[in-house]
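Asks: Sharing a structure here in structure tokens format.
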Amino acid sequence: MNKDLVERLLPGLTHDVSYFEALYPKRDLDDNAIVTRYAPSPTGFVHLGNLFQLAISRKMALQTKGVLFLRIEDTDQERYVENGITKIIEAVKQFGFTFDEGPINEDEQIGKYGPYIQSMRKEIYQTYAKDLLLKGLAYPDFTTKEELDILRSEQEKSKKRIGYYGKWARSRFLSEEEIIKKLDEKVPYIIRLRNNGDFNRKVTVIDAIRGKLEFPEDDIDQVLIKNDGLPTYHFAHVIDDHLMHTTHVIRGDEWLSSLPIHLNLFKILGFTPPVYAHIPPLSKKEGNTIRKLSKRKDPELAVSYYHEMGIPNEAVMLYLTTIANSNFEEWYLSHEDEDIDNFEMSFNKVGVTGALFDMEKLLNISKNILSKITALEMYDKTLLWANNYDEDFARILKENKDIAVKTFDIERNTEKRRKDFAMFSEVKNNIFYMFDELFVADNYEWQKINDIEEIKTILTTYINDYYDTLDDEESWFNKMKDMCDKLGYASNMKEYKKNPDIYKGSVADLSTVIRVALTTKAKTPNLYDIMQILGKDKIKERFNRVK
RNA sequence: GGUCUAUUGGUCAAGUGGUUAAGACACCACCCUCUCAAGGUGGUAUCACGGGUUCAAAUCCCGUAUAGACUACCA
């Protein structure tokens with residue numbers, strides 16, 4: 001196409017393609033080093049799927065001494081959210097993700113292959129588009145959206161394949177005079193690719209996750225530059241990942257069907273395409289249908305949900321790694337004390353189907369993680385959570401640190417650790433009775449023995465004749481048994497099971513009375529420990545409150 | 001409609017032509033036990049369907065069904 005006309009189409013460009021090629025030289029890395037990217041729109045929203053992708057990307061880059069960079073894809077201005085970039089960086093940081101290059105906040109960026117914000121790269125994209133224009137591989141299109149709608153319905157009616165291609169791509173045939181005329185009339189335009197692909201030919205690609213794939217060649221005259229001068233995703237992706245020397249594009253599999261477009265663009269521009277790895281979406285079962293997790297319907301998709309529920313970030317990461325690599329879980333179980341960075345991740349172990357999000361499993365993982373930390377860490381983390389979501393509980397925790405830590409320590413340092421917390425949000429409900437302020441002498445969960453006179457007899461006898469703060473656990477339990485014998489309960493469980501009828505109940509029933517009197521709950525951690533923490537005065541006081 | 005991809009227990013899944021079809025979560029039972037949690041032992045349950053190829057098929061091929069993605073001047 002005529003040079004002056006091209007200048008009119010894309011004015012004000014001072015460099016040519018070779019300038020940018022020289023500006024971004026090949027990276028100085030090992031041959032097998034993986035250079036990959038996280039490329040969100042600046043919506044400020046990070047969801048589980050993003051994290052899933054990020055977990056794989058970060059790991060692969062780390063493992064090969066490669067690079068993970070952040071690139072903001074803001075070519076659609078409607079998606080912009082204020083401070084979106086910072087929000088994304090912060091959200092991702094909570095899960096331990098940082099980037100080697102890219103924006104570090106709204107205004108600053110690090111790295112030699114920038115700018116890493118697409119709207120700041122307008123000139124670059126236009127320069128490449130201009131080059132294509134000059135070579136006759138692109139052309140301006142003045143068609144309006146309404147006209148495109150008409151085109152589409154015509155194609156639908158005559159059962160033709162839908163799209164702007166071949167003879168349907170009318171603007172392809174515009175003469176230079178016609179273009180000049182439109183330009184003089186200030187008709188808005190876009191730049192399209194002049195595609196000579198053949199839909200009947202096949203292209204094959206090797207996807208790192210899915211293996212060999214076959215598609216028809218792309219023959220659509222894709223939009224390269226939109227009316228606002230910014231590129232489409234397709235064009236920006238190809239230019240950016242070429243200039244930033246991305247070796248692996250790891251992205252959601254909704255992009256799979258755009259692969260022929262991208263491959264075609266790489267070919268036309270004379271670039272070497274990267275390796276593609278398309279990861280499956282996270283889905284959810286709703287009734288009998290399975291669907292992709294959606295931002296609108298599923299609160300658990302937003303990473304902020306986990307923060308709010310108090311599910312530790314490590315648990316989320318561990319769960320995601322478990323679904324990312326099918327052999328990870330086995331590895332993890334046999335290398336419990338090892339750093340999970342030592343696990344070798346591979347693309348071909350990433351499932352292709354798309355996992356159903358399994359909250360139960362996540363909570364199980366979380367439970368295990370929380371059982372391994374110390375009581376003090378448990379206290380700190382719970383407090384941190386409460387500071388954000390339950391101020392009242394946070395204050396109580398601070399005022400009763402000693403009790404709280406001791407409570408968290410119950411059966412924690414044994415070889416069979418207690419595993420009863422999966423989320424910080426459930427802590428309060430589980431141990432409220434340890435704090436006077438939260439204890440309410442109401443809703444006693446009496447079990448077998450529920451006669452109030454009998455209950456009072458047991459409590460009085462116990463506190464007057466048996467309880468001694470100085471007892472160790474063994475003598476504490478022996479006394480419990482002694483009391484059983486005195487009051488007509490079975491002190492030996494096996495004995496009791498053989499002849500339940502000759503006793504009023506067993507030592508289990510008797511200790512349940514004490515348990516419920518102290519906590520109102522029928523199910524608690526080790527009763528001896530609870531009593532040691534409460535101390536004699538509180539025990540007495542709570543016994544007295546039983547009515 | 002077109003293009004592409006997928007389908008192993010309730011869930012995540014191993015599996016690459018010959019296996020009693022691993023393992024984890026969940027569930028059930030029993031054991032341990034002062035309740036619960038944990039732990040131990042055991043258990044229920046899976047190759048979407050129909051044809052082929054082969055001595056032999058979860059595995060290869062072809063159909064069917066179902067699901068998902070894409071089919072924008074969104075990404």
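Following the order of the structure tokens, chains are lettered A, B, ..., residues in each are numbered from 1, and ligands are numbered from 1.
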Can you pull out the residues contacting C4 (chain B)? Cut-off 12 Å, using only C-alpha atoms (C1' of nucleotides), and skip same-chain residues under 5 positions away; I want them as a list in words.
Replies: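 Result of the neighbour search: Leu213, Glu214, Phe215, Pro216, Asp253, Glu254, Trp255, Leu256, Ser257, Ser258, Leu259 and Pro260 of chain A; G68, A69, C70 and U71 of chain B.
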Asks: Counting only C-alpha atoms (C1' of nucleotides), which residues of chain B come no farther than 7 Å from chain A, as a list in words?
Replies: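 That gives the following set of residues: G2, C4, A6, U11, C12, A13, C25, C34, U35, C36, A37, A38, G39, A69, C70, C73, C74 and A75 of chain B.
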Asks: Within 9 Å of Ala441 (chain A), counting only C-alpha atoms (C1' of nucleotides), which residues show up once you throw out same-chain ones fewer than 3 positions away? Write them as an NGL selection string, please.
Replies: :A and (444 or 517-520 or 542 or 545-547)
Asks: Write out, as a PDB file, in the first residue's frame, the residues just selected, with N, CA and C atoms.
Replies:
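Final output, again.pdb:
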ATOM      1  N   TYR A 444     -27.655 -26.109  77.808  1.00  0.00           N
ATOM      2  CA  TYR A 444     -26.789 -27.219  78.202  1.00  0.00           C
ATOM      3  C   TYR A 444     -27.139 -28.467  77.388  1.00  0.00           C
ATOM      4  N   ALA A 517     -21.502 -29.270  82.160  1.00  0.00           N
ATOM      5  CA  ALA A 517     -21.652 -28.238  83.188  1.00  0.00           C
ATOM      6  C   ALA A 517     -20.630 -27.122  82.979  1.00  0.00           C
ATOM      7  N   LEU A 518     -19.442 -27.490  82.551  1.00  0.00           N
ATOM      8  CA  LEU A 518     -18.379 -26.495  82.387  1.00  0.00           C
ATOM      9  C   LEU A 518     -18.456 -25.744  81.067  1.00  0.00           C
ATOM     10  N   THR A 519     -18.930 -26.429  80.030  1.00  0.00           N
ATOM     11  CA  THR A 519     -18.819 -25.835  78.697  1.00  0.00           C
ATOM     12  C   THR A 519     -20.155 -25.669  77.980  1.00  0.00           C
ATOM     13  N   THR A 520     -21.174 -26.286  78.494  1.00  0.00           N
ATOM     14  CA  THR A 520     -22.506 -26.427  77.880  1.00  0.00           C
ATOM     15  C   THR A 520     -22.491 -27.373  76.679  1.00  0.00           C
ATOM     16  N   ARG A 542     -18.927 -22.222  87.685  1.00  0.00           N
ATOM     17  CA  ARG A 542     -19.780 -22.765  86.621  1.00  0.00           C
ATOM     18  C   ARG A 542     -20.683 -23.885  87.135  1.00  0.00           C
ATOM     19  N   ARG A 545     -23.661 -22.352  88.560  1.00  0.00           N
ATOM     20  CA  ARG A 545     -24.616 -21.724  87.626  1.00  0.00           C
ATOM     21  C   ARG A 545     -25.569 -22.738  87.000  1.00  0.00           C
ATOM     22  N   VAL A 546     -25.278 -24.009  87.172  1.00  0.00           N
ATOM     23  CA  VAL A 546     -26.166 -25.032  86.613  1.00  0.00           C
ATOM     24  C   VAL A 546     -27.470 -25.032  87.385  1.00  0.00           C
ATOM     25  N   LYS A 547     -28.525 -24.846  86.664  1.00  0.00           N
ATOM     26  CA  LYS A 547     -29.838 -24.788  87.334  1.00  0.00           C
ATOM     27  C   LYS A 547     -30.752 -25.866  86.765  1.00  0.00           C
TER      28      LYS A 547
END
Asks: Mind listing the alpha helix (DSSP H) residues of region 112-284 of chain A, per DSSP on the backbone, as a VMD selection string?
Replies: chain A and resid 122 to 134 145 to 157 176 to 184 233 to 243 259 to 269
Asks: Would you output that residue set with C-alpha atoms, as a PDB file, in the first residue's frame?
Replies:
ATOM      1  CA  LYS A 122       0.270   1.716  21.568  1.00  0.00           C
ATOM      2  CA  GLU A 123       3.077   2.996  19.407  1.00  0.00           C
ATOM      3  CA  ILE A 124       4.680  -0.435  19.249  1.00  0.00           C
ATOM      4  CA  TYR A 125       1.540  -2.194  18.062  1.00  0.00           C
ATOM      5  CA  GLN A 126       0.830   0.504  15.536  1.00  0.00           C
ATOM      6  CA  THR A 127       4.349   0.294  14.182  1.00  0.00           C
ATOM      7  CA  TYR A 128       3.908  -3.404  13.473  1.00  0.00           C
ATOM      8  CA  ALA A 129       0.469  -2.784  12.004  1.00  0.00           C
ATOM      9  CA  LYS A 130       1.967  -0.120   9.793  1.00  0.00           C
ATOM     10  CA  ASP A 131       4.578  -2.562   8.586  1.00  0.00           C
ATOM     11  CA  LEU A 132       1.836  -5.006   7.664  1.00  0.00           C
ATOM     12  CA  LEU A 133      -0.064  -2.252   5.893  1.00  0.00           C
ATOM     13  CA  LEU A 134       2.993  -1.363   3.838  1.00  0.00           C
ATOM     14  CA  LYS A 145     -20.998  -2.526  13.668  1.00  0.00           C
ATOM     15  CA  GLU A 146     -24.508  -2.388  12.265  1.00  0.00           C
ATOM     16  CA  GLU A 147     -23.229  -3.445   8.880  1.00  0.00           C
ATOM     17  CA  LEU A 148     -21.357  -6.304  10.492  1.00  0.00           C
ATOM     18  CA  ASP A 149     -24.560  -7.440  12.190  1.00  0.00           C
ATOM     19  CA  ILE A 150     -26.299  -7.490   8.840  1.00  0.00           C
ATOM     20  CA  LEU A 151     -23.447  -9.452   7.357  1.00  0.00           C
ATOM     21  CA  ARG A 152     -23.699 -11.988  10.135  1.00  0.00           C
ATOM     22  CA  SER A 153     -27.424 -12.500   9.760  1.00  0.00           C
ATOM     23  CA  GLU A 154     -27.002 -12.946   6.010  1.00  0.00           C
ATOM     24  CA  GLN A 155     -24.456 -15.644   6.700  1.00  0.00           C
ATOM     25  CA  GLU A 156     -26.715 -17.279   9.231  1.00  0.00           C
ATOM     26  CA  LYS A 157     -29.618 -17.257   6.812  1.00  0.00           C
ATOM     27  CA  GLU A 176      -6.883   3.453  -2.597  1.00  0.00           C
ATOM     28  CA  GLU A 177      -9.132   6.169  -4.019  1.00  0.00           C
ATOM     29  CA  GLU A 178     -12.072   4.839  -2.054  1.00  0.00           C
ATOM     30  CA  ILE A 179      -9.987   4.712   1.104  1.00  0.00           C
ATOM     31  CA  ILE A 180      -8.838   8.311   0.627  1.00  0.00           C
ATOM     32  CA  LYS A 181     -12.405   9.391   0.086  1.00  0.00           C
ATOM     33  CA  LYS A 182     -13.579   7.737   3.319  1.00  0.00           C
ATOM     34  CA  LEU A 183     -10.657   9.246   5.144  1.00  0.00           C
ATOM     35  CA  ASP A 184     -11.538  12.700   3.824  1.00  0.00           C
ATOM     36  CA  TYR A 233      -6.018  -9.097  22.401  1.00  0.00           C
ATOM     37  CA  HIS A 234      -4.804 -11.289  19.562  1.00  0.00           C
ATOM     38  CA  PHE A 235      -2.494  -8.729  18.046  1.00  0.00           C
ATOM     39  CA  ALA A 236      -1.189  -7.481  21.373  1.00  0.00           C
ATOM     40  CA  HIS A 237      -0.493 -11.007  22.591  1.00  0.00           C
ATOM     41  CA  VAL A 238       1.572 -11.861  19.546  1.00  0.00           C
ATOM     42  CA  ILE A 239       3.601  -8.649  19.541  1.00  0.00           C
ATOM     43  CA  ASP A 240       4.156  -8.597  23.303  1.00  0.00           C
ATOM     44  CA  ASP A 241       5.124 -12.183  23.762  1.00  0.00           C
ATOM     45  CA  HIS A 242       7.480 -11.895  20.831  1.00  0.00           C
ATOM     46  CA  LEU A 243       9.192  -8.751  22.088  1.00  0.00           C
ATOM     47  CA  LEU A 259      -4.858 -20.732  18.828  1.00  0.00           C
ATOM     48  CA  PRO A 260      -5.068 -20.845  15.005  1.00  0.00           C
ATOM     49  CA  ILE A 261      -5.421 -17.051  15.014  1.00  0.00           C
ATOM     50  CA  HIS A 262      -2.326 -16.603  17.112  1.00  0.00           C
ATOM     51  CA  LEU A 263      -0.254 -19.115  15.236  1.00  0.00           C
ATOM     52  CA  ASN A 264      -1.247 -17.485  11.993  1.00  0.00           C
ATOM     53  CA  LEU A 265      -0.223 -14.062  13.268  1.00  0.00           C
ATOM     54  CA  PHE A 266       3.133 -15.359  14.440  1.00  0.00           C
ATOM     55  CA  LYS A 267       3.697 -16.790  10.993  1.00  0.00           C
ATOM     56  CA  ILE A 268       2.678 -13.682   9.119  1.00  0.00           C
ATOM     57  CA  LEU A 269       4.836 -11.458  11.307  1.00  0.00           C
TER      58      LEU A 269
END
Asks: Write out as number ranges by chain all residues of region 114-307 of chain A that backbone DSSP assigns to strand (DSSP E).
Replies: A: 138-141, 190-193, 202-207, 211-216, 223-225, 248-252, 275-279, 283-286, 289-292
Asks: Any chance you can output those residues with N, CA and C atoms as a compact mmCIF listing (two decimals), in the first residue's frame?
Replies:
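The resulting part.txt:
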# COMPACT_ATOMS: atom_id res chain seq x y z
N ALA A 138 -2.32 -5.98 5.46
CA ALA A 138 -3.40 -5.45 6.31
C ALA A 138 -4.09 -4.35 5.53
N TYR A 139 -5.28 -4.00 5.97
CA TYR A 139 -6.02 -2.96 5.26
C TYR A 139 -7.01 -2.28 6.21
N PRO A 140 -7.38 -1.05 5.89
CA PRO A 140 -8.36 -0.36 6.74
C PRO A 140 -9.77 -0.85 6.41
N ASP A 141 -10.61 -0.86 7.43
CA ASP A 141 -11.99 -1.30 7.24
C ASP A 141 -12.91 -0.25 7.85
N ILE A 190 -10.94 0.73 11.29
CA ILE A 190 -10.07 -0.16 12.05
C ILE A 190 -9.07 -0.76 11.07
N ILE A 191 -8.05 -1.43 11.58
CA ILE A 191 -7.11 -2.11 10.70
C ILE A 191 -7.32 -3.61 10.81
N ARG A 192 -7.50 -4.24 9.68
CA ARG A 192 -7.69 -5.69 9.69
C ARG A 192 -6.55 -6.38 8.98
N LEU A 193 -6.35 -7.63 9.36
CA LEU A 193 -5.36 -8.47 8.71
C LEU A 193 -5.90 -8.92 7.35
N LYS A 202 -5.31 -27.82 7.37
CA LYS A 202 -5.22 -28.06 8.81
C LYS A 202 -3.89 -27.54 9.35
N VAL A 203 -3.94 -27.03 10.58
CA VAL A 203 -2.69 -26.72 11.28
C VAL A 203 -2.63 -27.63 12.50
N THR A 204 -1.46 -28.14 12.80
CA THR A 204 -1.34 -28.93 14.02
C THR A 204 -0.44 -28.20 14.99
N VAL A 205 -0.77 -28.30 16.25
CA VAL A 205 -0.01 -27.66 17.31
C VAL A 205 0.23 -28.69 18.40
N ILE A 206 1.35 -28.56 19.08
CA ILE A 206 1.56 -29.36 20.27
C ILE A 206 1.35 -28.46 21.47
N ASP A 207 0.30 -28.73 22.21
CA ASP A 207 0.07 -28.00 23.45
C ASP A 207 0.77 -28.79 24.56
N GLY A 211 -1.24 -32.02 24.45
CA GLY A 211 -0.66 -32.83 23.39
C GLY A 211 -1.00 -32.30 22.01
N LYS A 212 -1.07 -33.20 21.05
CA LYS A 212 -1.26 -32.78 19.66
C LYS A 212 -2.70 -32.35 19.40
N LEU A 213 -2.82 -31.20 18.78
CA LEU A 213 -4.13 -30.63 18.49
C LEU A 213 -4.20 -30.28 17.01
N GLU A 214 -5.38 -30.44 16.40
CA GLU A 214 -5.51 -30.11 14.99
C GLU A 214 -6.67 -29.15 14.77
N PHE A 215 -6.40 -28.09 14.05
CA PHE A 215 -7.44 -27.09 13.77
C PHE A 215 -7.45 -26.76 12.29
N PRO A 216 -8.58 -26.23 11.82
CA PRO A 216 -8.56 -25.65 10.47
C PRO A 216 -7.75 -24.36 10.51
N VAL A 223 -9.31 -8.33 13.36
CA VAL A 223 -9.04 -6.93 13.66
C VAL A 223 -7.69 -6.85 14.38
N LEU A 224 -6.84 -5.98 13.90
CA LEU A 224 -5.53 -5.79 14.52
C LEU A 224 -5.56 -4.57 15.43
N ILE A 225 -5.99 -3.46 14.85
CA ILE A 225 -6.07 -2.21 15.60
C ILE A 225 -7.52 -1.74 15.62
N HIS A 248 6.85 -19.59 27.16
CA HIS A 248 5.66 -20.40 27.40
C HIS A 248 4.47 -19.52 27.73
N VAL A 249 3.41 -19.70 26.98
CA VAL A 249 2.17 -18.99 27.28
C VAL A 249 1.27 -19.96 28.04
N ILE A 250 1.08 -19.66 29.32
CA ILE A 250 0.24 -20.51 30.16
C ILE A 250 -1.05 -19.73 30.40
N ARG A 251 -2.16 -20.24 29.92
CA ARG A 251 -3.41 -19.48 30.02
C ARG A 251 -4.59 -20.43 30.06
N GLY A 252 -5.74 -19.88 30.34
CA GLY A 252 -6.95 -20.67 30.45
C GLY A 252 -7.36 -21.28 29.11
N VAL A 275 5.72 -21.85 23.29
CA VAL A 275 5.01 -23.08 23.63
C VAL A 275 3.72 -22.66 24.33
N TYR A 276 2.63 -23.30 23.98
CA TYR A 276 1.36 -23.00 24.65
C TYR A 276 1.01 -24.09 25.64
N ALA A 277 0.48 -23.67 26.78
CA ALA A 277 -0.01 -24.63 27.78
C ALA A 277 -1.38 -24.13 28.22
N HIS A 278 -2.41 -24.81 27.79
CA HIS A 278 -3.77 -24.36 28.14
C HIS A 278 -4.30 -25.14 29.33
N ILE A 279 -4.59 -24.41 30.39
CA ILE A 279 -5.04 -25.07 31.61
C ILE A 279 -6.56 -25.08 31.69
N SER A 283 -14.36 -25.87 37.91
CA SER A 283 -15.82 -25.90 37.80
C SER A 283 -16.47 -26.21 39.13
N LYS A 284 -17.76 -26.22 39.10
CA LYS A 284 -18.53 -26.43 40.30
C LYS A 284 -19.77 -27.20 39.92
N LYS A 285 -20.22 -28.06 40.81
CA LYS A 285 -21.42 -28.82 40.53
C LYS A 285 -22.59 -28.12 41.18
N GLU A 286 -23.62 -27.89 40.40
CA GLU A 286 -24.81 -27.24 40.93
C GLU A 286 -25.99 -28.09 40.52
N THR A 289 -25.86 -30.18 37.13
CA THR A 289 -25.05 -29.62 36.06
C THR A 289 -23.70 -29.17 36.58
N ILE A 290 -22.74 -29.30 35.72
CA ILE A 290 -21.40 -28.86 36.06
C ILE A 290 -21.13 -27.60 35.27
N ARG A 291 -20.65 -26.58 35.93
CA ARG A 291 -20.34 -25.36 35.20
C ARG A 291 -19.08 -24.72 35.75
N LYS A 292 -18.55 -23.87 34.93
CA LYS A 292 -17.37 -23.13 35.32
C LYS A 292 -17.73 -22.24 36.50
Asks: From the options A:Tyr332, A:Trp385, A:Tyr489, A:Phe347, which residue's atoms come nearest to A24 (chain B), counting only C-alpha atoms (C1' of nucleotides)?
Replies: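 Answer, going by the shortest atom-to-atom distance: A:Tyr332.
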Asks: One decimal, Å: what's the distance from C1' of G15 (chain B) over to CA of Lys349 (chain A), could you say?
Replies: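 Computing it gives 12.4 Å between the two atoms.
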Asks: Would you kindly return, as a ChimeraX atom specification, each protein, DNA or RNA residue with an atom no farther than 10 Å from any atom of U7 (chain B), considering only C-alpha atoms (C1' of nucleotides) and excluding same-chain residues fewer than 4 positions away?
Replies: /A:353 /B:47-48,66-67
Asks: Go ahead and write the residues just picked, N, CA and C atoms (P, O5', C5', C4', C3', O3' and C1' of nucleotides), as an mmCIF file, in the first residue's frame.
Replies:
data_model
loop_
_atom_site.group_PDB
_atom_site.id
_atom_site.type_symbol
_atom_site.label_atom_id
_atom_site.label_comp_id
_atom_site.auth_asym_id
_atom_site.auth_seq_id
_atom_site.Cartn_x
_atom_site.Cartn_y
_atom_site.Cartn_z
ATOM 1 N N THR A 353 -9.144 -32.116 32.036
ATOM 2 C CA THR A 353 -10.600 -32.121 32.157
ATOM 3 C C THR A 353 -11.178 -30.907 32.857
ATOM 4 P P C B 47 -18.355 -48.640 35.359
ATOM 5 O "O5'" C B 47 -17.013 -48.556 34.526
ATOM 6 C "C5'" C B 47 -17.054 -48.037 33.212
ATOM 7 C "C4'" C B 47 -16.087 -46.880 33.148
ATOM 8 C "C3'" C B 47 -15.727 -46.482 31.720
ATOM 9 O "O3'" C B 47 -15.573 -45.071 31.687
ATOM 10 C "C1'" C B 47 -13.777 -47.168 32.848
ATOM 11 P P A B 48 -16.084 -44.246 30.433
ATOM 12 O "O5'" A B 48 -17.660 -44.439 30.365
ATOM 13 C "C5'" A B 48 -18.475 -44.151 31.479
ATOM 14 C "C4'" A B 48 -19.887 -43.947 30.989
ATOM 15 C "C3'" A B 48 -20.296 -44.876 29.848
ATOM 16 O "O3'" A B 48 -20.822 -46.093 30.363
ATOM 17 C "C1'" A B 48 -20.782 -42.641 29.256
ATOM 18 P P U B 66 -27.560 -35.142 23.883
ATOM 19 O "O5'" U B 66 -26.608 -34.917 25.133
ATOM 20 C "C5'" U B 66 -27.020 -35.323 26.441
ATOM 21 C "C4'" U B 66 -25.855 -35.247 27.384
ATOM 22 C "C3'" U B 66 -25.162 -33.896 27.436
ATOM 23 O "O3'" U B 66 -25.853 -32.968 28.256
ATOM 24 C "C1'" U B 66 -23.535 -35.587 27.260
ATOM 25 P P A B 67 -25.774 -31.420 27.891
ATOM 26 O "O5'" A B 67 -24.326 -31.070 28.465
ATOM 27 C "C5'" A B 67 -24.060 -31.209 29.856
ATOM 28 C "C4'" A B 67 -22.592 -31.009 30.104
ATOM 29 C "C3'" A B 67 -22.021 -29.702 29.564
ATOM 30 O "O3'" A B 67 -22.270 -28.632 30.442
ATOM 31 C "C1'" A B 67 -20.612 -31.487 28.953
#
Asks: Rounded to one decimal, what separation in Å do you get between CA of Ile110 (chain A) and CA of Ala33 (chain A)?
Replies: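 One can read the CA of Ile110 (chain A) to CA of Ala33 (chain A) distance as 20.0 Å.
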Asks: Do a neighbour search on Tyr467 (chain A) at 12 Å with only C-alpha atoms (C1' of nucleotides), toss out local chain neighbours closer than 6 positions, and write the hits as an MDAnalysis selection string.
Replies: chainID A and resid 458:461 473 475:480 482:483 514 528 531:532 535:537 539:540
Asks: Write the residues of the preceding selection, restricted to C-alpha atoms, as a PDB file, in the first residue's frame.
Replies:
ATOM      1  CA  ILE A 458     -22.567 -35.450  90.805  1.00  0.00           C
ATOM      2  CA  LEU A 459     -21.203 -31.924  90.598  1.00  0.00           C
ATOM      3  CA  THR A 460     -21.306 -31.323  94.335  1.00  0.00           C
ATOM      4  CA  THR A 461     -19.769 -34.668  95.191  1.00  0.00           C
ATOM      5  CA  GLU A 473      -4.154 -36.533  84.352  1.00  0.00           C
ATOM      6  CA  SER A 475      -4.905 -39.411  89.163  1.00  0.00           C
ATOM      7  CA  TRP A 476      -7.575 -37.057  87.908  1.00  0.00           C
ATOM      8  CA  PHE A 477      -9.087 -39.895  85.934  1.00  0.00           C
ATOM      9  CA  ASN A 478      -8.650 -42.374  88.761  1.00  0.00           C
ATOM     10  CA  LYS A 479     -10.643 -40.094  90.997  1.00  0.00           C
ATOM     11  CA  MET A 480     -13.322 -39.920  88.395  1.00  0.00           C
ATOM     12  CA  ASP A 482     -13.556 -43.729  92.298  1.00  0.00           C
ATOM     13  CA  MET A 483     -16.520 -41.433  92.193  1.00  0.00           C
ATOM     14  CA  ILE A 514     -18.954 -32.403  84.211  1.00  0.00           C
ATOM     15  CA  TYR A 528      -8.703 -32.638  81.994  1.00  0.00           C
ATOM     16  CA  MET A 531     -10.276 -27.992  83.722  1.00  0.00           C
ATOM     17  CA  GLN A 532      -6.622 -27.244  84.301  1.00  0.00           C
ATOM     18  CA  GLY A 535      -8.883 -23.520  87.446  1.00  0.00           C
ATOM     19  CA  LYS A 536     -10.828 -24.377  90.555  1.00  0.00           C
ATOM     20  CA  ASP A 537     -12.596 -21.059  91.076  1.00  0.00           C
ATOM     21  CA  ILE A 539     -15.047 -24.649  87.884  1.00  0.00           C
ATOM     22  CA  LYS A 540     -16.908 -23.981  91.120  1.00  0.00           C
TER      23      LYS A 540
END
Asks: Pick out the closest residue to Glu336 (chain A) from this set: A:Asn313, A:Asn368, A:Thr246, A:Thr43. Count only C-alpha atoms.
Replies: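 Nearest to Glu336 (chain A): A:Asn368.
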Asks: Taking only C-alpha atoms into account, which of A:Ile220, A:Arg37, A:Ala55, A:Trp168 comes nearest Glu314 (chain A)?
Replies: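 With only C-alpha atoms as the atom set, the closest residue is A:Ala55.
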Asks: Which residue is closest to Asn387 (chain A)? Choose from A:Gln53, A:Gly310, A:Pro274, A:Ile34 and count only C-alpha atoms.
Replies: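 Among the listed residues, A:Gly310 lies closest to Asn387 (chain A).
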